[in-house]
Amino acid sequence: PPWILYAHEWGHMVGLADYRDMEQQYVPDEEYEKYLANPMGSYEVMDNQGGPFRTFTSWVRWINGWLDDDRVTCVLAEDINDEFYEIKFLNEIGGKPKSVVVKLSESEAIVIEARRWDEKFDVPIVNNGDGLIVYTVDTSKGHLEGGLRLVSPRDISQYLEEPNTFPDFRMLDAIFVPGESVEI
């Protein structure tokens, strides 16, 4: 629907970066890989507004002041041993916290957030839309430099067919379900 295009462009008007990687965006067709050109795929409106998920990540919400500090659990990578962190679904009204941010360095972090397919905004999907997503953040990268990148417990280069998405009818396979993990 047209509103999602307006939401993406409105994001630029209020100063939000585009999280696509422009260097990968216009390579020859035989070299194009969606996971490189759109490293957040359809999990962030400011990367690909044509995908099934029509929301802003917790990172974008937090750094713009739309998500209060008490809704984000921040930890240093070196302080994590066997801890468990509870997070609520990102689009759930109320509920704390919404995500865990693991600081790796002065410019890099890992973000973990829980997603649930939302019938009010998201388009119907045939694949699983409920679970965790994990992505890296590199704040040294700016507009169109791919500063946010999904991490997957599976091969991120293998796409899932998704008939209701646009423009290429596929999405990145990035939802974590119970029992899955990744090492960064």
# chains A, B, ... in the order shown; residues from 1 in each chain; ligands from 1
call {"tool": "closest_atom_pairs", "arguments": {"of": "stretch 107-171 of chain A", "to": "stretch 52-76 of chain A", "cutoff": "9 Å", "atoms": "only C-alpha atoms", "output": "tab-separated table"}}
result
residue	atom	partner	partner_atom	distance
A:Val111	CA	A:Trp59	CA	7.3
A:Ile112	CA	A:Ser58	CA	8.8
A:Glu113	CA	A:Ser58	CA	7.0
A:Trp117	CA	A:Phe53	CA	7.3
A:Asp118	CA	A:Phe53	CA	8.0
A:Phe121	CA	A:Arg54	CA	5.8
A:Asp122	CA	A:Phe53	CA	4.9
A:Val123	CA	A:Pro52	CA	4.9
A:Pro124	CA	A:Pro52	CA	7.0
A:Ile125	CA	A:Pro52	CA	6.7
A:Gly129	CA	A:Phe53	CA	8.3
A:Val137	CA	A:Trp59	CA	8.5
A:Glu162	CA	A:Pro52	CA	8.1
A:Asn164	CA	A:Pro52	CA	7.1
A:Thr165	CA	A:Pro52	CA	5.7
A:Phe166	CA	A:Pro52	CA	8.5
A:Met171	CA	A:Pro52	CA	8.0
call {"tool": "write_last_selection", "arguments": {"atoms": "all heavy atoms", "output": "tab-separated table (two decimals), in the first residue's frame"}}
result
chain	number	residue	atom	x	y	z
A	111	VAL	N	22.16	-6.22	18.34
A	111	VAL	CA	20.82	-5.96	18.86
A	111	VAL	C	19.99	-7.22	18.70
A	111	VAL	O	20.02	-7.86	17.65
A	111	VAL	CB	20.14	-4.77	18.14
A	111	VAL	CG1	18.75	-4.53	18.71
A	111	VAL	CG2	21.00	-3.52	18.24
A	112	ILE	N	19.26	-7.56	19.75
A	112	ILE	CA	18.36	-8.71	19.75
A	112	ILE	C	16.98	-8.17	20.08
A	112	ILE	O	16.80	-7.47	21.08
A	112	ILE	CB	18.78	-9.75	20.79
A	112	ILE	CG1	20.24	-10.18	20.55
A	112	ILE	CG2	17.85	-10.96	20.77
A	112	ILE	CD1	21.00	-10.46	21.79
A	113	GLU	N	16.02	-8.49	19.23
A	113	GLU	CA	14.64	-8.04	19.50
A	113	GLU	C	13.67	-9.14	19.09
A	113	GLU	O	13.98	-9.97	18.23
A	113	GLU	CB	14.32	-6.73	18.80
A	113	GLU	CG	14.33	-6.78	17.31
A	113	GLU	CD	14.19	-5.41	16.66
A	113	GLU	OE1	14.93	-4.48	17.02
A	113	GLU	OE2	13.33	-5.29	15.77
A	117	TRP	N	4.51	-11.15	13.80
A	117	TRP	CA	3.80	-10.63	12.64
A	117	TRP	C	2.59	-9.86	13.13
A	117	TRP	O	1.85	-10.30	14.00
A	117	TRP	CB	3.41	-11.79	11.72
A	117	TRP	CG	2.74	-11.35	10.48
A	117	TRP	CD1	3.33	-10.89	9.34
A	117	TRP	CD2	1.33	-11.29	10.25
A	117	TRP	NE1	2.38	-10.56	8.42
A	117	TRP	CE2	1.14	-10.78	8.95
A	117	TRP	CE3	0.21	-11.60	11.01
A	117	TRP	CZ2	-0.12	-10.61	8.39
A	117	TRP	CZ3	-1.04	-11.42	10.47
A	117	TRP	CH2	-1.19	-10.93	9.17
A	118	ASP	N	2.37	-8.66	12.58
A	118	ASP	CA	1.32	-7.76	13.04
A	118	ASP	C	0.32	-7.53	11.92
A	118	ASP	O	0.62	-6.88	10.92
A	118	ASP	CB	1.95	-6.43	13.46
A	118	ASP	CG	0.99	-5.46	14.09
A	118	ASP	OD1	-0.24	-5.62	13.93
A	118	ASP	OD2	1.46	-4.51	14.73
A	121	PHE	N	-0.33	-3.92	10.26
A	121	PHE	CA	0.62	-3.23	9.39
A	121	PHE	C	1.31	-4.15	8.38
A	121	PHE	O	1.57	-3.74	7.26
A	121	PHE	CB	1.69	-2.51	10.22
A	121	PHE	CG	1.11	-1.49	11.15
A	121	PHE	CD1	1.05	-1.72	12.50
A	121	PHE	CD2	0.60	-0.29	10.65
A	121	PHE	CE1	0.51	-0.78	13.36
A	121	PHE	CE2	0.06	0.65	11.50
A	121	PHE	CZ	0.00	0.41	12.86
A	122	ASP	N	1.66	-5.35	8.80
A	122	ASP	CA	2.42	-6.25	7.94
A	122	ASP	C	1.53	-6.89	6.88
A	122	ASP	O	0.31	-6.99	7.06
A	122	ASP	CB	3.08	-7.35	8.79
A	122	ASP	CG	4.02	-6.78	9.85
A	122	ASP	OD1	4.51	-5.64	9.66
A	122	ASP	OD2	4.28	-7.46	10.84
A	123	VAL	N	2.14	-7.32	5.79
A	123	VAL	CA	1.37	-8.00	4.75
A	123	VAL	C	1.32	-9.49	5.08
A	123	VAL	O	2.19	-10.01	5.78
A	123	VAL	CB	1.97	-7.77	3.34
A	123	VAL	CG1	1.94	-6.30	2.97
A	123	VAL	CG2	3.37	-8.32	3.23
A	124	PRO	N	0.29	-10.19	4.59
A	124	PRO	CA	0.21	-11.63	4.86
A	124	PRO	C	1.45	-12.36	4.34
A	124	PRO	O	1.96	-12.06	3.26
A	124	PRO	CB	-1.04	-12.06	4.08
A	124	PRO	CG	-1.85	-10.82	3.94
A	124	PRO	CD	-0.84	-9.70	3.83
A	125	ILE	N	1.95	-13.29	5.14
A	125	ILE	CA	3.14	-14.04	4.75
A	125	ILE	C	2.88	-15.54	4.85
A	125	ILE	O	1.99	-15.97	5.59
A	125	ILE	CB	4.37	-13.66	5.61
A	125	ILE	CG1	4.10	-13.85	7.11
A	125	ILE	CG2	4.80	-12.23	5.34
A	125	ILE	CD1	5.31	-13.59	8.00
A	129	GLY	N	6.90	-15.47	10.85
A	129	GLY	CA	7.28	-14.10	11.17
A	129	GLY	C	7.42	-13.84	12.64
A	129	GLY	O	7.60	-12.71	13.07
A	137	VAL	N	25.10	-3.60	14.41
A	137	VAL	CA	25.04	-2.16	14.16
A	137	VAL	C	26.46	-1.65	14.06
A	137	VAL	O	27.29	-1.98	14.91
A	137	VAL	CB	24.30	-1.42	15.31
A	137	VAL	CG1	24.34	0.08	15.09
A	137	VAL	CG2	22.89	-1.92	15.45
A	162	GLU	N	8.26	-15.35	-0.84
A	162	GLU	CA	7.20	-14.64	-0.13
A	162	GLU	C	6.37	-13.91	-1.18
A	162	GLU	O	6.71	-12.81	-1.61
A	162	GLU	CB	7.81	-13.68	0.88
A	162	GLU	CG	6.88	-13.25	1.96
A	162	GLU	CD	6.25	-14.41	2.72
A	162	GLU	OE1	6.94	-15.11	3.47
A	162	GLU	OE2	5.03	-14.61	2.53
A	164	ASN	N	3.76	-12.10	-1.34
A	164	ASN	CA	3.14	-10.79	-1.12
A	164	ASN	C	4.13	-9.66	-0.93
A	164	ASN	O	3.75	-8.57	-0.52
A	164	ASN	CB	2.20	-10.86	0.08
A	164	ASN	CG	1.05	-11.80	-0.17
A	164	ASN	OD1	0.50	-11.84	-1.27
A	164	ASN	ND2	0.69	-12.59	0.81
A	165	THR	N	5.41	-9.91	-1.19
A	165	THR	CA	6.41	-8.85	-1.02
A	165	THR	C	6.71	-8.20	-2.36
A	165	THR	O	6.34	-8.70	-3.42
A	165	THR	CB	7.71	-9.41	-0.41
A	165	THR	OG1	8.26	-10.39	-1.27
A	165	THR	CG2	7.45	-10.01	0.96
A	166	PHE	N	7.42	-7.09	-2.29
A	166	PHE	CA	7.73	-6.33	-3.50
A	166	PHE	C	9.15	-5.80	-3.36
A	166	PHE	O	9.54	-5.41	-2.27
A	166	PHE	CB	6.74	-5.16	-3.63
A	166	PHE	CG	7.00	-4.29	-4.81
A	166	PHE	CD1	6.56	-4.65	-6.06
A	166	PHE	CD2	7.73	-3.11	-4.68
A	166	PHE	CE1	6.82	-3.85	-7.16
A	166	PHE	CE2	7.99	-2.32	-5.77
A	166	PHE	CZ	7.53	-2.69	-7.01
A	171	MET	N	12.17	-12.98	0.86
A	171	MET	CA	12.63	-12.30	2.06
A	171	MET	C	13.83	-13.04	2.63
A	171	MET	O	14.07	-14.20	2.30
A	171	MET	CB	11.52	-12.20	3.10
A	171	MET	CG	11.02	-13.51	3.65
A	171	MET	SD	9.63	-13.27	4.78
A	171	MET	CE	10.39	-13.74	6.30
call {"tool": "residues_around", "arguments": {"residues": "A:Ser157", "least_positions_apart": "3", "cutoff": "10 Å", "atoms": "only C-alpha atoms", "output": "PDB file with C-alpha atoms, in the first residue's frame"}}
result
ATOM      1  CA  GLU A  33      22.558 -10.455  -3.784  1.00  0.00           C
ATOM      2  CA  LYS A  34      19.664  -9.080  -1.763  1.00  0.00           C
ATOM      3  CA  TYR A  35      21.322  -9.863   1.587  1.00  0.00           C
ATOM      4  CA  LEU A  36      24.259  -7.624   0.620  1.00  0.00           C
ATOM      5  CA  SER A 152      20.792 -15.556  10.709  1.00  0.00           C
ATOM      6  CA  ARG A 154      20.884 -20.333   8.734  1.00  0.00           C
ATOM      7  CA  LEU A 160      12.440 -17.545   1.401  1.00  0.00           C
ATOM      8  CA  LEU A 172      15.718 -12.980   4.114  1.00  0.00           C
ATOM      9  CA  ASP A 173      15.571 -16.055   6.339  1.00  0.00           C
TER      10      ASP A 173
END
call {"tool": "atom_distance", "arguments": {"atom1": "atom CA of A:Glu108", "atom2": "atom CA of A:Tyr19"}}
result
15.1 Å
call {"tool": "atom_distance", "arguments": {"atom1": "atom CA of A:Val134", "atom2": "atom CA of A:Ala174"}}
result
7.8 Å
call {"tool": "residues_around", "arguments": {"residues": "A:Asp21", "least_positions_apart": "5", "cutoff": "6 Å", "atoms": "only C-alpha atoms", "output": "PyMOL selection string"}}
result
chain A and resi 37+144-146
call {"tool": "closest_residue", "arguments": {"among": "A:Ala109, A:Tyr135, A:Asn38, A:Ile87", "to": "A:Tyr26", "atoms": "only C-alpha atoms"}}
result
A:Asn38
call {"tool": "residues_around", "arguments": {"residues": "A:Leu132", "least_positions_apart": "4", "cutoff": "9 Å", "atoms": "only C-alpha atoms", "output": "NGL selection string"}}
result
:A and (89 or 112-116 or 174-178)
call {"tool": "atom_distance", "arguments": {"atom1": "atom CA of A:Ala7", "atom2": "atom CA of A:Glu119"}}
result
17.2 Å
call {"tool": "select_by_dssp", "arguments": {"residues": "stretch 104-180 of chain A", "states": "strand (DSSP E or B)", "output": "PyMOL selection string"}}
result
chain A and resi 108-115+131-138+145+148-151+159-161+170-172+176
call {"tool": "write_last_selection", "arguments": {"atoms": "C-alpha atoms", "output": "PDB file, in the first residue's frame"}}
result
ATOM      1  CA  GLU A 108      29.656  -1.647  17.018  1.00  0.00           C
ATOM      2  CA  ALA A 109      26.853  -3.480  18.772  1.00  0.00           C
ATOM      3  CA  ILE A 110      24.571  -6.474  18.475  1.00  0.00           C
ATOM      4  CA  VAL A 111      20.825  -5.960  18.861  1.00  0.00           C
ATOM      5  CA  ILE A 112      18.364  -8.707  19.746  1.00  0.00           C
ATOM      6  CA  GLU A 113      14.644  -8.044  19.495  1.00  0.00           C
ATOM      7  CA  ALA A 114      11.486 -10.139  19.431  1.00  0.00           C
ATOM      8  CA  ARG A 115       9.169  -9.872  16.453  1.00  0.00           C
ATOM      9  CA  GLY A 131      10.645 -15.042  16.836  1.00  0.00           C
ATOM     10  CA  LEU A 132      13.861 -13.181  17.468  1.00  0.00           C
ATOM     11  CA  ILE A 133      15.894 -11.199  15.020  1.00  0.00           C
ATOM     12  CA  VAL A 134      19.534 -10.400  15.621  1.00  0.00           C
ATOM     13  CA  TYR A 135      21.456  -7.723  13.786  1.00  0.00           C
ATOM     14  CA  THR A 136      24.742  -5.925  14.001  1.00  0.00           C
ATOM     15  CA  VAL A 137      25.037  -2.158  14.156  1.00  0.00           C
ATOM     16  CA  ASP A 138      28.034  -0.217  12.896  1.00  0.00           C
ATOM     17  CA  GLU A 145      26.363   2.297   3.760  1.00  0.00           C
ATOM     18  CA  LEU A 148      22.574  -2.444  10.160  1.00  0.00           C
ATOM     19  CA  ARG A 149      22.990  -6.096   9.104  1.00  0.00           C
ATOM     20  CA  LEU A 150      20.828  -9.094   9.926  1.00  0.00           C
ATOM     21  CA  VAL A 151      22.453 -12.194  11.349  1.00  0.00           C
ATOM     22  CA  TYR A 159      15.957 -16.568   0.447  1.00  0.00           C
ATOM     23  CA  LEU A 160      12.440 -17.545   1.401  1.00  0.00           C
ATOM     24  CA  GLU A 161       9.787 -17.143  -1.259  1.00  0.00           C
ATOM     25  CA  ARG A 170      11.365 -13.077  -1.409  1.00  0.00           C
ATOM     26  CA  MET A 171      12.631 -12.300   2.063  1.00  0.00           C
ATOM     27  CA  LEU A 172      15.718 -12.980   4.114  1.00  0.00           C
ATOM     28  CA  PHE A 176      15.355 -17.270  15.224  1.00  0.00           C
TER      29      PHE A 176
END
call {"tool": "select_by_dssp", "arguments": {"residues": "chain A", "states": "alpha helix (DSSP H)", "output": "list in words"}}
result
Pro2, Trp3, Ile4, Leu5, Tyr6, Ala7, His8, Glu9, Trp10, Gly11, His12, Met13, Met22, Glu23, Gln24, Gln25, Lys34, Tyr35, Leu36, Ala37, Ser58, Trp59, Val60, Arg61, Trp62 and Ile63 of chain A
call {"tool": "closest_residue", "arguments": {"among": "A:Val126, A:Val100, A:Ala17, A:Val27", "to": "A:Thr139", "atoms": "only C-alpha atoms"}}
result
A:Ala17
call {"tool": "residues_around", "arguments": {"residues": "A:Pro1", "least_positions_apart": "2", "cutoff": "10 Å", "atoms": "only C-alpha atoms", "output": "PDB file with N, CA, C and O atoms, in the first residue's frame"}}
result
ATOM      1  N   TRP A   3       0.936   3.909   1.765  1.00  0.00           N
ATOM      2  CA  TRP A   3       1.355   4.496   3.037  1.00  0.00           C
ATOM      3  C   TRP A   3       2.766   4.075   3.431  1.00  0.00           C
ATOM      4  O   TRP A   3       3.480   4.850   4.059  1.00  0.00           O
ATOM      5  N   ILE A   4       3.181   2.856   3.074  1.00  0.00           N
ATOM      6  CA  ILE A   4       4.510   2.402   3.492  1.00  0.00           C
ATOM      7  C   ILE A   4       5.606   3.169   2.749  1.00  0.00           C
ATOM      8  O   ILE A   4       6.669   3.443   3.296  1.00  0.00           O
ATOM      9  N   LEU A   5       5.353   3.539   1.505  1.00  0.00           N
ATOM     10  CA  LEU A   5       6.317   4.350   0.766  1.00  0.00           C
ATOM     11  C   LEU A   5       6.444   5.721   1.417  1.00  0.00           C
ATOM     12  O   LEU A   5       7.547   6.256   1.562  1.00  0.00           O
ATOM     13  N   TYR A   6       5.306   6.270   1.835  1.00  0.00           N
ATOM     14  CA  TYR A   6       5.328   7.562   2.519  1.00  0.00           C
ATOM     15  C   TYR A   6       6.049   7.461   3.858  1.00  0.00           C
ATOM     16  O   TYR A   6       6.771   8.373   4.252  1.00  0.00           O
ATOM     17  N   GLY A  50       9.226  -2.526   0.965  1.00  0.00           N
ATOM     18  CA  GLY A  50       8.359  -3.383   0.167  1.00  0.00           C
ATOM     19  C   GLY A  50       8.219  -4.791   0.703  1.00  0.00           C
ATOM     20  O   GLY A  50       7.519  -5.609   0.133  1.00  0.00           O
ATOM     21  N   PHE A 121      -0.327  -3.924  10.256  1.00  0.00           N
ATOM     22  CA  PHE A 121       0.618  -3.230   9.385  1.00  0.00           C
ATOM     23  C   PHE A 121       1.313  -4.146   8.381  1.00  0.00           C
ATOM     24  O   PHE A 121       1.568  -3.744   7.259  1.00  0.00           O
ATOM     25  N   VAL A 123       2.135  -7.317   5.790  1.00  0.00           N
ATOM     26  CA  VAL A 123       1.371  -8.001   4.754  1.00  0.00           C
ATOM     27  C   VAL A 123       1.318  -9.494   5.078  1.00  0.00           C
ATOM     28  O   VAL A 123       2.194 -10.013   5.776  1.00  0.00           O
TER      29      VAL A 123
END
